[in-house]
Amino acid sequence: MKKTTLLNAPVSNLVAKLGHGNSVCIGDAGLPVPKTVERIDLAVSPGVPSLLAVFNAVASEMFIERIVIAQELRDQQPQLMDNLLIAIRLLEADQKSSIAINIIEHEVFKLKMDHCHASIRTGECTPFANIILYAGVPF
């Protein structure tokens, strides 16, 4: 049995396979996933699990150097954006490395998903609650 935070085997396996610059999306329950991108569906019910809970679990095993967020999340969901920024700042302290944050339009965000290794579907039902994480190296 693993003793780290991330217990989901497909998500843990995904993180283990990522190399520098590879990306993974964590999306809300309604985010369309391209047919060419693996979908790991964690959604149980509305809000379960939340985007933030999944982000924290993934970040417990993934060294993150960059994050892409839709400007619509920043503009239309300020509470969730603030909570996400707090989690990112805590992760930076834990990693002892800064994390670049790129804000782009939601339509451009969806195009970037074509290059993700996988998309993790959460139960989050907050519009535009989607992020793309890019793997870094801890050395």
# chains A, B, ... in the order shown; residues from 1 in each chain; ligands from 1
>>> residues_around(residues="Glu105 of chain A", least_positions_apart="5", cutoff="12 Å", atoms="only C-alpha atoms", output="MDAnalysis selection string")
chainID A and resid 68:75 110:112 128 130:131
>>> write_last_selection(atoms="all heavy atoms", output="CSV table (one decimal), in the first residue's frame")
chain,number,residue,atom,x,y,z
A,68,VAL,N,-1.2,26.2,-16.7
A,68,VAL,CA,-2.0,27.0,-17.6
A,68,VAL,C,-3.4,27.1,-17.0
A,68,VAL,O,-4.0,26.0,-16.7
A,68,VAL,CB,-2.0,26.5,-19.0
A,68,VAL,CG1,-3.0,27.2,-19.9
A,68,VAL,CG2,-0.6,26.6,-19.6
A,69,ILE,N,-4.0,28.2,-17.0
A,69,ILE,CA,-5.3,28.5,-16.4
A,69,ILE,C,-6.1,29.3,-17.4
A,69,ILE,O,-5.5,30.3,-18.0
A,69,ILE,CB,-5.3,29.2,-15.1
A,69,ILE,CG1,-4.5,28.3,-14.1
A,69,ILE,CG2,-6.7,29.5,-14.5
A,69,ILE,CD1,-4.2,29.0,-12.7
A,70,ALA,N,-7.4,29.1,-17.6
A,70,ALA,CA,-8.2,29.9,-18.5
A,70,ALA,C,-8.5,31.2,-17.8
A,70,ALA,O,-8.8,31.3,-16.6
A,70,ALA,CB,-9.5,29.2,-18.8
A,71,GLN,N,-8.4,32.3,-18.5
A,71,GLN,CA,-8.7,33.6,-18.0
A,71,GLN,C,-10.2,33.7,-17.4
A,71,GLN,O,-10.4,34.5,-16.5
A,71,GLN,CB,-8.5,34.7,-19.0
A,71,GLN,CG,-9.4,34.8,-20.1
A,71,GLN,CD,-9.0,35.9,-21.1
A,71,GLN,OE1,-7.9,36.2,-21.3
A,71,GLN,NE2,-10.0,36.5,-21.8
A,72,GLU,N,-11.1,32.9,-18.0
A,72,GLU,CA,-12.4,32.9,-17.5
A,72,GLU,C,-12.5,32.4,-16.1
A,72,GLU,O,-13.4,32.8,-15.3
A,72,GLU,CB,-13.3,32.0,-18.4
A,72,GLU,CG,-13.6,32.6,-19.8
A,72,GLU,CD,-12.4,32.4,-20.8
A,72,GLU,OE1,-11.4,31.8,-20.5
A,72,GLU,OE2,-12.7,32.7,-22.0
A,73,LEU,N,-11.6,31.5,-15.7
A,73,LEU,CA,-11.6,31.0,-14.3
A,73,LEU,C,-11.2,32.2,-13.4
A,73,LEU,O,-11.9,32.5,-12.4
A,73,LEU,CB,-10.6,29.9,-14.1
A,73,LEU,CG,-10.4,29.4,-12.6
A,73,LEU,CD1,-11.7,28.9,-12.0
A,73,LEU,CD2,-9.3,28.4,-12.5
A,74,ARG,N,-10.1,32.9,-13.8
A,74,ARG,CA,-9.7,34.1,-13.0
A,74,ARG,C,-10.8,35.1,-13.0
A,74,ARG,O,-11.0,35.7,-11.9
A,74,ARG,CB,-8.4,34.7,-13.7
A,74,ARG,CG,-7.9,35.9,-13.0
A,74,ARG,CD,-6.9,36.6,-13.8
A,74,ARG,NE,-7.6,37.2,-15.0
A,74,ARG,CZ,-7.0,37.6,-16.1
A,74,ARG,NH1,-5.7,37.6,-16.2
A,74,ARG,NH2,-7.6,38.0,-17.1
A,75,ASP,N,-11.4,35.4,-14.1
A,75,ASP,CA,-12.4,36.5,-14.2
A,75,ASP,C,-13.8,36.2,-13.6
A,75,ASP,O,-14.4,37.1,-13.0
A,75,ASP,CB,-12.6,37.0,-15.6
A,75,ASP,CG,-11.3,37.5,-16.2
A,75,ASP,OD1,-10.3,37.8,-15.5
A,75,ASP,OD2,-11.2,37.6,-17.5
A,110,LYS,N,-8.6,24.8,-24.5
A,110,LYS,CA,-9.1,23.5,-25.0
A,110,LYS,C,-8.3,23.0,-26.1
A,110,LYS,O,-8.1,21.8,-26.2
A,110,LYS,CB,-10.6,23.6,-25.4
A,110,LYS,CG,-11.5,23.8,-24.2
A,110,LYS,CD,-13.0,23.7,-24.6
A,110,LYS,CE,-13.5,24.8,-25.4
A,110,LYS,NZ,-15.0,24.8,-25.7
A,111,LEU,N,-7.7,23.9,-26.9
A,111,LEU,CA,-6.8,23.4,-28.0
A,111,LEU,C,-5.5,22.8,-27.4
A,111,LEU,O,-4.9,21.9,-28.0
A,111,LEU,CB,-6.5,24.6,-29.0
A,111,LEU,CG,-7.6,25.1,-29.8
A,111,LEU,CD1,-7.2,26.4,-30.5
A,111,LEU,CD2,-8.2,24.1,-30.7
A,112,LYS,N,-5.0,23.4,-26.3
A,112,LYS,CA,-3.8,22.9,-25.7
A,112,LYS,C,-4.0,21.5,-25.1
A,112,LYS,O,-3.0,20.8,-24.9
A,112,LYS,CB,-3.3,23.9,-24.6
A,112,LYS,CG,-2.7,25.2,-25.2
A,112,LYS,CD,-2.0,25.9,-24.1
A,112,LYS,CE,-1.2,27.0,-24.6
A,112,LYS,NZ,-0.1,26.6,-25.5
A,128,PHE,N,-15.4,26.7,-15.9
A,128,PHE,CA,-14.0,27.0,-16.3
A,128,PHE,C,-13.0,26.5,-15.2
A,128,PHE,O,-11.8,27.0,-15.2
A,128,PHE,CB,-13.9,28.5,-16.5
A,128,PHE,CG,-14.8,29.1,-17.5
A,128,PHE,CD1,-15.9,29.9,-17.1
A,128,PHE,CD2,-14.7,28.7,-18.8
A,128,PHE,CE1,-16.8,30.4,-18.1
A,128,PHE,CE2,-15.6,29.2,-19.8
A,128,PHE,CZ,-16.6,30.0,-19.4
A,130,ASN,N,-10.6,24.4,-14.8
A,130,ASN,CA,-9.7,23.5,-15.5
A,130,ASN,C,-8.3,24.1,-15.5
A,130,ASN,O,-8.1,25.3,-15.6
A,130,ASN,CB,-10.2,23.4,-17.0
A,130,ASN,CG,-11.6,23.1,-17.1
A,130,ASN,OD1,-12.1,22.1,-16.7
A,130,ASN,ND2,-12.4,24.1,-17.7
A,131,ILE,N,-7.3,23.2,-15.3
A,131,ILE,CA,-5.9,23.6,-15.3
A,131,ILE,C,-5.1,22.6,-16.1
A,131,ILE,O,-5.4,21.4,-16.1
A,131,ILE,CB,-5.4,23.8,-13.9
A,131,ILE,CG1,-5.5,22.5,-13.1
A,131,ILE,CG2,-6.1,24.9,-13.2
A,131,ILE,CD1,-4.9,22.6,-11.7
>>> residues_around(residues="Val11 of chain A", least_positions_apart="3", cutoff="9 Å", atoms="only C-alpha atoms", output="tab-separated table (two decimals) with all heavy atoms, in the first residue's frame")
chain	number	residue	atom	x	y	z
A	6	LEU	N	-1.40	10.42	-2.96
A	6	LEU	CA	-2.06	10.00	-4.20
A	6	LEU	C	-2.25	8.48	-4.22
A	6	LEU	O	-1.30	7.74	-4.44
A	6	LEU	CB	-1.25	10.47	-5.41
A	6	LEU	CG	-1.85	10.20	-6.78
A	6	LEU	CD1	-3.27	10.77	-6.90
A	6	LEU	CD2	-0.96	10.80	-7.85
A	7	LEU	N	-3.48	8.03	-3.99
A	7	LEU	CA	-3.77	6.60	-3.94
A	7	LEU	C	-4.33	6.05	-5.25
A	7	LEU	O	-4.27	4.84	-5.47
A	7	LEU	CB	-4.77	6.32	-2.81
A	7	LEU	CG	-4.29	6.64	-1.40
A	7	LEU	CD1	-5.41	6.37	-0.39
A	7	LEU	CD2	-3.04	5.87	-1.05
A	8	ASN	N	-4.87	6.89	-6.12
A	8	ASN	CA	-5.47	6.41	-7.36
A	8	ASN	C	-4.39	5.86	-8.28
A	8	ASN	O	-3.49	6.59	-8.70
A	8	ASN	CB	-6.24	7.55	-8.02
A	8	ASN	CG	-6.94	7.10	-9.29
A	8	ASN	OD1	-6.32	7.01	-10.33
A	8	ASN	ND2	-8.22	6.80	-9.16
A	14	LEU	N	0.22	7.70	-14.24
A	14	LEU	CA	0.37	8.82	-15.17
A	14	LEU	C	1.51	9.73	-14.74
A	14	LEU	O	2.39	10.07	-15.54
A	14	LEU	CB	-0.93	9.61	-15.27
A	14	LEU	CG	-0.86	10.97	-15.96
A	14	LEU	CD1	-0.55	10.81	-17.44
A	14	LEU	CD2	-2.16	11.73	-15.76
A	15	VAL	N	1.51	10.13	-13.48
A	15	VAL	CA	2.56	11.03	-12.97
A	15	VAL	C	3.93	10.37	-13.11
A	15	VAL	O	4.90	11.02	-13.49
A	15	VAL	CB	2.26	11.45	-11.52
A	15	VAL	CG1	3.43	12.24	-10.94
A	15	VAL	CG2	0.98	12.28	-11.44
A	16	ALA	N	4.01	9.08	-12.81
A	16	ALA	CA	5.29	8.37	-12.89
A	16	ALA	C	5.84	8.34	-14.32
A	16	ALA	O	7.06	8.30	-14.51
A	16	ALA	CB	5.13	6.95	-12.36
A	40	ILE	N	-9.02	10.04	-17.45
A	40	ILE	CA	-9.07	9.33	-16.17
A	40	ILE	C	-10.22	9.97	-15.40
A	40	ILE	O	-10.13	11.12	-14.97
A	40	ILE	CB	-7.74	9.45	-15.40
A	40	ILE	CG1	-6.59	8.85	-16.22
A	40	ILE	CG2	-7.87	8.76	-14.04
A	40	ILE	CD1	-5.22	9.05	-15.61
A	58	VAL	N	-2.39	15.29	-6.91
A	58	VAL	CA	-1.44	15.15	-8.02
A	58	VAL	C	-0.14	15.87	-7.68
A	58	VAL	O	0.96	15.34	-7.89
A	58	VAL	CB	-2.05	15.68	-9.34
A	58	VAL	CG1	-1.00	15.76	-10.44
A	58	VAL	CG2	-3.22	14.80	-9.77
A	120	ILE	N	-7.69	14.45	-16.38
A	120	ILE	CA	-8.32	13.89	-15.18
A	120	ILE	C	-9.64	14.63	-14.96
A	120	ILE	O	-9.65	15.84	-14.75
A	120	ILE	CB	-7.41	14.04	-13.95
A	120	ILE	CG1	-6.05	13.37	-14.21
A	120	ILE	CG2	-8.09	13.48	-12.71
A	120	ILE	CD1	-5.00	13.70	-13.17
>>> closest_residue(among="A:Thr4, A:Gln76, A:Asn83, A:Ser119", to="His106 of chain A", atoms="only C-alpha atoms")
A:Gln76
>>> closest_residue(among="A:Ser50, A:Gln79, A:Asn22, A:Asn56", to="Arg121 of chain A", atoms="only C-alpha atoms")
A:Ser50
>>> residues_around(residues="Asp41 of chain A", least_positions_apart="2", cutoff="12 Å", atoms="only C-alpha atoms", output="ChimeraX atom specification")
/A:8,10-11,25-31,33,38-39,43-45,48-49,54,118-124
>>> write_last_selection(atoms="C-alpha atoms", output="mmCIF file, in the first residue's frame")
data_model
loop_
_atom_site.group_PDB
_atom_site.id
_atom_site.type_symbol
_atom_site.label_atom_id
_atom_site.label_comp_id
_atom_site.auth_asym_id
_atom_site.auth_seq_id
_atom_site.Cartn_x
_atom_site.Cartn_y
_atom_site.Cartn_z
ATOM 1 C CA ASN A 8 -5.475 6.411 -7.357
ATOM 2 C CA PRO A 10 -4.115 5.343 -12.904
ATOM 3 C CA VAL A 11 -3.278 8.899 -11.787
ATOM 4 C CA CYS A 25 -5.089 18.439 -17.512
ATOM 5 C CA ILE A 26 -7.281 18.456 -14.430
ATOM 6 C CA GLY A 27 -10.762 19.415 -15.527
ATOM 7 C CA ASP A 28 -14.257 20.058 -14.311
ATOM 8 C CA ALA A 29 -17.065 17.566 -14.909
ATOM 9 C CA GLY A 30 -18.085 19.170 -18.199
ATOM 10 C CA LEU A 31 -14.746 19.770 -19.932
ATOM 11 C CA VAL A 33 -11.684 15.757 -23.719
ATOM 12 C CA GLU A 38 -6.603 9.507 -22.213
ATOM 13 C CA ARG A 39 -9.438 10.324 -19.801
ATOM 14 C CA ALA A 43 -16.021 12.156 -10.884
ATOM 15 C CA VAL A 44 -18.354 10.611 -8.304
ATOM 16 C CA SER A 45 -21.016 13.269 -7.847
ATOM 17 C CA VAL A 48 -16.720 15.162 -5.543
ATOM 18 C CA PRO A 49 -13.822 15.207 -5.906
ATOM 19 C CA VAL A 54 -7.303 16.511 -7.112
ATOM 20 C CA ALA A 118 -4.149 12.638 -20.080
ATOM 21 C CA SER A 119 -7.087 14.569 -18.688
ATOM 22 C CA ILE A 120 -8.321 13.889 -15.178
ATOM 23 C CA ARG A 121 -12.067 14.490 -14.841
ATOM 24 C CA THR A 122 -13.168 15.712 -11.425
ATOM 25 C CA GLY A 123 -16.642 16.193 -10.009
ATOM 26 C CA GLU A 124 -16.063 19.958 -9.976
#
>>> closest_residue(among="A:Arg89, A:Gln77, A:Arg66, A:Ala53", to="Val137 of chain A", atoms="only C-alpha atoms")
A:Arg66
>>> atom_distance(atom1="atom CA of Ile99 of chain A", atom2="atom CA of Pro138 of chain A")
12.2 Å
>>> select_by_dssp(residues="segment 92-125 of chain A", states="helix (DSSP H, G or I)", output="list in words")
Glu92, Ala93, Asp94, Gln95, His106, Glu107, Val108, Phe109, Lys110, Leu111, Lys112, Met113, Asp114 and His115 of chain A
>>> select_by_dssp(residues="chain A", states="strand (DSSP E or B)", output="VMD selection string")
chain A and resid 23 to 27 38 to 41 45 48 64 to 70 100 to 104 118 to 121 131 to 135
>>> atom_distance(atom1="atom CA of Glu65 of chain A", atom2="atom CA of Leu52 of chain A")
17.6 Å
>>> closest_residue(among="A:Ala100, A:Ala87, A:Cys116, A:Met81", to="Ile64 of chain A", atoms="only C-alpha atoms")
A:Ala100
